[in-house]
Amino acid sequence: MVSRSTSPILLACLAVALGVAAPPAAAMPPQARRERIDVRDSSGSRLLEAFILVEAVDGGLLVEHDDQRYELLPPESIVTRQPIDTTDADTTPKTLASRIVADLPPGFDVLTTKHYVICFTTSRDYAKWCAGIFERLHGAFINYWSRAGLEVANPDKPMVVVIFADRSDYETYATHDLGAAADRVVGYYNLLSNRITTFDLTGTDLLPRPNGRPSGGVGLDILSSPAAAGLIATLVHEATHQMAFNGGLHQRLAPVPLWVSEGIATSFETPDVGSATGWRGIGAINRARLDHFLKHHRQGDLEAIVVSDDRFRAAEGPLDAYAAAWALTRYCTDARRQQFLDYLRLQAAKPPLADDDRDIRLHDFEQAFHCVPGDMEDKVVEAMARLASRPR
Ligand SMILES: [Zn+2]
């Protein structure tokens with residue numbers, strides 16, 4: 001059962017979405033070109049080397065730095081551009097880690113695993129435990145979509161996670177990304193930086209330990225914490241977003257409807273603190289989202305989240321939108337799988353900085369599902385009521 005304490009993750013995704021700058025008009029398709037660019041803006045002059053992802057008709061650029069950050073360069077900030085060899089980029093995990101640690105506050109150590117670079121100020125044991133969750137999610141994510149019939153790529157670059165030991169240090173850092181919401185958000189994936197940032201929700205590293213060692217292993221210490229369910233849901237939810245945006249299920253900064261990105265993340269997040277590892281995989285009923293949906297659903301909710309992301313950004317009621325996103329995704333996965341995969345393929349093809357209005361979003365839905373969302377609503381409610389009647 002997901003505890004109420006996990007609700008801040010919803011705000012995390014919301015805040016990151018709001019942090020994305022408005023796109024320049026009529027963007028060109030992405031091109032894997034590397035350039036040296038002389039930039040001059042209010043913060044001064046700098047020379048950068050980056051991949052060009054999108055070039056707008058007004059000359060503005062979306063670039064990707066070697067630490068995976070995206071940056072929008074307004075046309076007036078670009079002084080000169082010079083093509084350079086793409087093989088100049090050094091993206092080894094070691095170089096990536098040193099770049100990221102250089103930008104973080106002092107005191108960070110690095111753990112490199114098969115698919116992740118984890119920068120942490122917690123104990124190494126705690127970072128390793130979190131890495132175990134990420135690596136299991138990584139494998140389960142690729143297996144799940146492969147078995148469903150959708151090709152998802154194994155990301156070709158290590159994915160970056162930053163874990164603070166201390167909540168106040170985390171909040172100080174996260175305020176830059178989340179503003180005033182930082183004190184309500186316990187972990188987030190940032191589309192621009194491509195990083196997950198979080199902290200030790202369980203306080204496990206602060207527990208007294210005989211001879212300085214964990215009494216029953218750091219995993220048991222974490223799982224025995226009242227915050228364990230929230231921690232696991234947060235890690236898996238944000239790691240699912242990161243996998244989706246790095247495995248090609250979605251494109252970063254593309255107009256992916258929040259109902260589908262959040263519907264997928266909430267489908268994966270369900271923790272299982274009764275198991276030895278805290279998370280057993282995908283497909284469990286997310287009882288918190290299901291109960292919320294059945295209690296708060298109103299006719300028209302599904303169309304509202306299909307045609308617009310406004311409900312997710314509302315000051316009141318975003319939990320309703322997340323619950324509806326989970327329910328619609330669950331129904332589509334169970335009863336409309338091929339059509340859902342068609343819809344995901346449509347979304348995966350959207351380029352960064354494209355701009356979809358309500359009509360396009362409704363058209364995409366109709367094209368994939370051969371109906372409007374309202375036609376599906378009663379069936380979704382009935383299917384969710386049947387799921388709720390299953391023994392817990
Ligand atoms: Zn999310």
# chains A, B, ... in the order shown; residues from 1 in each chain; ligands from 1
>>> select_by_dssp(residues="region 42-216 of chain A", states="helix (DSSP H, G or I)", output="JSON, numbers by chain")
{"A": [75, 76, 77, 86, 87, 88, 93, 94, 95, 96, 97, 98, 99, 100, 101, 102, 103, 124, 125, 126, 127, 128, 129, 130, 131, 132, 133, 134, 135, 136, 137, 138, 139, 140, 141, 142, 143, 144, 145, 146, 147, 148, 167, 168, 169, 170, 171, 172, 173, 174, 175, 176, 177, 178, 179, 180, 181, 182, 183, 204, 205, 206, 210, 211, 212]}
>>> residues_around(residues="Ser261 (chain A)", least_positions_apart="4", cutoff="9 Å", atoms="only C-alpha atoms", output="ChimeraX atom specification")
/A:241,244,250,256-257,265-266,325
>>> residues_around(residues="Val307 (chain A)", least_positions_apart="5", cutoff="6 Å", atoms="only C-alpha atoms", output="list in words")
Arg358, Arg361 and Leu362 of chain A
>>> closest_residue(among="A:Leu48, A:Ala321, A:Ala89, A:Ala233", to="Asp66 (chain A)", atoms="only C-alpha atoms")
A:Ala89
>>> residues_around(residues="region 31-45 of chain A", least_positions_apart="4", cutoff="6 Å", atoms="only C-alpha atoms", output="list in words")
Glu49, Ala50, Phe51, Ile52, Leu53, Ser77, Ile78, Val79, Thr80, Arg81, Gln82, Pro83, Ile84 and Thr86 of chain A
>>> write_last_selection(atoms="N, CA and C atoms", output="CSV table (one decimal), in the first residue's frame")
chain,number,residue,atom,x,y,z
A,49,GLU,N,31.0,23.4,-25.9
A,49,GLU,CA,30.9,22.4,-27.0
A,49,GLU,C,29.8,21.5,-26.6
A,50,ALA,N,28.9,21.3,-27.6
A,50,ALA,CA,27.6,20.6,-27.3
A,50,ALA,C,27.0,20.0,-28.6
A,51,PHE,N,26.1,19.1,-28.4
A,51,PHE,CA,25.4,18.5,-29.6
A,51,PHE,C,24.2,19.4,-29.8
A,52,ILE,N,23.9,19.7,-31.1
A,52,ILE,CA,22.8,20.5,-31.5
A,52,ILE,C,21.6,19.5,-31.7
A,53,LEU,N,20.5,19.7,-30.9
A,53,LEU,CA,19.4,18.9,-31.0
A,53,LEU,C,18.3,19.5,-31.9
A,77,SER,N,21.9,35.3,-28.0
A,77,SER,CA,23.0,35.0,-27.1
A,77,SER,C,24.1,34.3,-27.9
A,78,ILE,N,23.8,33.9,-29.1
A,78,ILE,CA,24.8,33.1,-29.9
A,78,ILE,C,25.7,34.0,-30.8
A,79,VAL,N,27.0,34.0,-30.5
A,79,VAL,CA,27.9,34.9,-31.2
A,79,VAL,C,28.5,34.2,-32.4
A,80,THR,N,29.1,33.1,-32.2
A,80,THR,CA,29.7,32.3,-33.3
A,80,THR,C,29.4,30.8,-33.1
A,81,ARG,N,29.4,30.1,-34.2
A,81,ARG,CA,29.2,28.6,-34.2
A,81,ARG,C,30.2,28.0,-35.1
A,82,GLN,N,30.8,26.9,-34.6
A,82,GLN,CA,31.8,26.2,-35.5
A,82,GLN,C,31.6,24.7,-35.3
A,83,PRO,N,31.4,24.0,-36.4
A,83,PRO,CA,31.2,22.5,-36.4
A,83,PRO,C,32.5,21.9,-35.8
A,84,ILE,N,32.4,20.8,-35.0
A,84,ILE,CA,33.5,20.1,-34.5
A,84,ILE,C,33.2,18.6,-34.6
A,86,THR,N,32.3,14.9,-33.8
A,86,THR,CA,31.5,14.3,-32.7
A,86,THR,C,32.3,13.4,-31.8
>>> residues_around(residues="region 186-199 of chain A", least_positions_apart="6", cutoff="6 Å", atoms="only C-alpha atoms", output="JSON, numbers by chain")
{"A": [12, 16, 69, 70, 160, 161, 162, 163, 164, 165, 238]}
>>> write_last_selection(atoms="N, CA and C atoms", output="PDB file, in the first residue's frame")
ATOM      1  N   ALA A  12       6.617  16.770  -7.560  1.00  0.00           N
ATOM      2  CA  ALA A  12       7.938  16.814  -8.172  1.00  0.00           C
ATOM      3  C   ALA A  12       7.815  16.834  -9.680  1.00  0.00           C
ATOM      4  N   VAL A  16       8.733  19.969 -12.310  1.00  0.00           N
ATOM      5  CA  VAL A  16       9.695  19.837 -13.394  1.00  0.00           C
ATOM      6  C   VAL A  16       9.031  20.196 -14.715  1.00  0.00           C
ATOM      7  N   ARG A  69      22.942  17.584 -19.794  1.00  0.00           N
ATOM      8  CA  ARG A  69      22.011  18.707 -19.618  1.00  0.00           C
ATOM      9  C   ARG A  69      21.561  19.246 -20.972  1.00  0.00           C
ATOM     10  N   TYR A  70      20.279  19.587 -21.069  1.00  0.00           N
ATOM     11  CA  TYR A  70      19.771  20.337 -22.208  1.00  0.00           C
ATOM     12  C   TYR A  70      19.809  21.822 -21.852  1.00  0.00           C
ATOM     13  N   VAL A 160      22.081   9.368 -14.361  1.00  0.00           N
ATOM     14  CA  VAL A 160      22.667  10.018 -13.186  1.00  0.00           C
ATOM     15  C   VAL A 160      21.625  10.180 -12.082  1.00  0.00           C
ATOM     16  N   VAL A 161      22.020   9.812 -10.868  1.00  0.00           N
ATOM     17  CA  VAL A 161      21.173   9.983  -9.688  1.00  0.00           C
ATOM     18  C   VAL A 161      21.992  10.693  -8.613  1.00  0.00           C
ATOM     19  N   VAL A 162      21.409  11.704  -7.991  1.00  0.00           N
ATOM     20  CA  VAL A 162      22.073  12.445  -6.920  1.00  0.00           C
ATOM     21  C   VAL A 162      21.294  12.199  -5.630  1.00  0.00           C
ATOM     22  N   ILE A 163      21.976  11.692  -4.597  1.00  0.00           N
ATOM     23  CA  ILE A 163      21.304  11.376  -3.328  1.00  0.00           C
ATOM     24  C   ILE A 163      21.980  12.153  -2.187  1.00  0.00           C
ATOM     25  N   PHE A 164      21.209  13.042  -1.575  1.00  0.00           N
ATOM     26  CA  PHE A 164      21.711  13.776  -0.412  1.00  0.00           C
ATOM     27  C   PHE A 164      21.419  12.968   0.849  1.00  0.00           C
ATOM     28  N   ALA A 165      22.324  13.024   1.819  1.00  0.00           N
ATOM     29  CA  ALA A 165      22.085  12.371   3.113  1.00  0.00           C
ATOM     30  C   ALA A 165      21.087  13.180   3.931  1.00  0.00           C
ATOM     31  N   GLU A 238      10.473   7.881 -10.125  1.00  0.00           N
ATOM     32  CA  GLU A 238      11.365   8.796 -10.847  1.00  0.00           C
ATOM     33  C   GLU A 238      12.299   8.030 -11.793  1.00  0.00           C
TER      34      GLU A 238
END
>>> closest_residue(among="A:Ala314, A:Ile100, A:Val380, A:Ala354", to="Cys119 (chain A)", atoms="only C-alpha atoms")
A:Ile100
>>> closest_residue(among="A:Arg167, A:Arg313, A:Arg392, A:Arg386", to="ligand 1", atoms="only C-alpha atoms and all ligand atoms")
A:Arg313
>>> residues_around(residues="Leu73 (chain A)", least_positions_apart="2", cutoff="9 Å", atoms="only C-alpha atoms", output="list in words")
Val39, Gly59, Gly60, Leu61, Leu62, Val63, Glu71, Pro75, Glu76, Ser77 and Ile78 of chain A
>>> write_last_selection(atoms="C-alpha atoms", output="CSV table (one decimal), in the first residue's frame")
chain,number,residue,atom,x,y,z
A,39,VAL,CA,27.7,32.4,-26.1
A,59,GLY,CA,18.3,30.8,-34.9
A,60,GLY,CA,17.7,29.7,-31.3
A,61,LEU,CA,19.2,26.4,-30.4
A,62,LEU,CA,18.4,23.4,-28.1
A,63,VAL,CA,21.8,21.8,-27.2
A,71,GLU,CA,20.0,24.1,-22.6
A,75,PRO,CA,19.4,33.5,-30.9
A,76,GLU,CA,20.6,36.8,-29.4
A,77,SER,CA,23.0,35.0,-27.1
A,78,ILE,CA,24.8,33.1,-29.9
>>> select_by_dssp(residues="region 177-357 of chain A", states="strand (DSSP E)", output="PDB file with C-alpha atoms, in the first residue's frame")
ATOM      1  CA  GLY A 187      12.547  13.323  -5.161  1.00  0.00           C
ATOM      2  CA  TYR A 188      12.296  14.399  -8.789  1.00  0.00           C
ATOM      3  CA  TYR A 189      13.479  13.708 -12.305  1.00  0.00           C
ATOM      4  CA  ASN A 190      14.481  16.854 -14.141  1.00  0.00           C
ATOM      5  CA  ARG A 195      18.988  13.596 -13.363  1.00  0.00           C
ATOM      6  CA  ILE A 196      17.079  12.173 -10.449  1.00  0.00           C
ATOM      7  CA  THR A 197      17.673  14.090  -7.226  1.00  0.00           C
ATOM      8  CA  THR A 198      16.517  12.828  -3.834  1.00  0.00           C
ATOM      9  CA  PHE A 199      17.646  12.331  -0.229  1.00  0.00           C
TER      10      PHE A 199
END
>>> residues_around(residues="Thr91 (chain A)", least_positions_apart="6", cutoff="10 Å", atoms="only C-alpha atoms", output="ChimeraX atom specification")
/A:66-68,97,99,157-158
>>> closest_residue(among="A:Leu223, A:Leu235, A:Ala385, A:Cys332", to="ligand 1", atoms="only C-alpha atoms and all ligand atoms")
A:Leu235
>>> atom_distance(atom1="CA of Lys295 (chain A)", atom2="CA of Ala335 (chain A)")
22.1 Å
>>> closest_residue(among="A:Pro352, A:Thr240, A:Asp310, A:Asp291", to="ligand 1", atoms="only C-alpha atoms and all ligand atoms")
A:Thr240
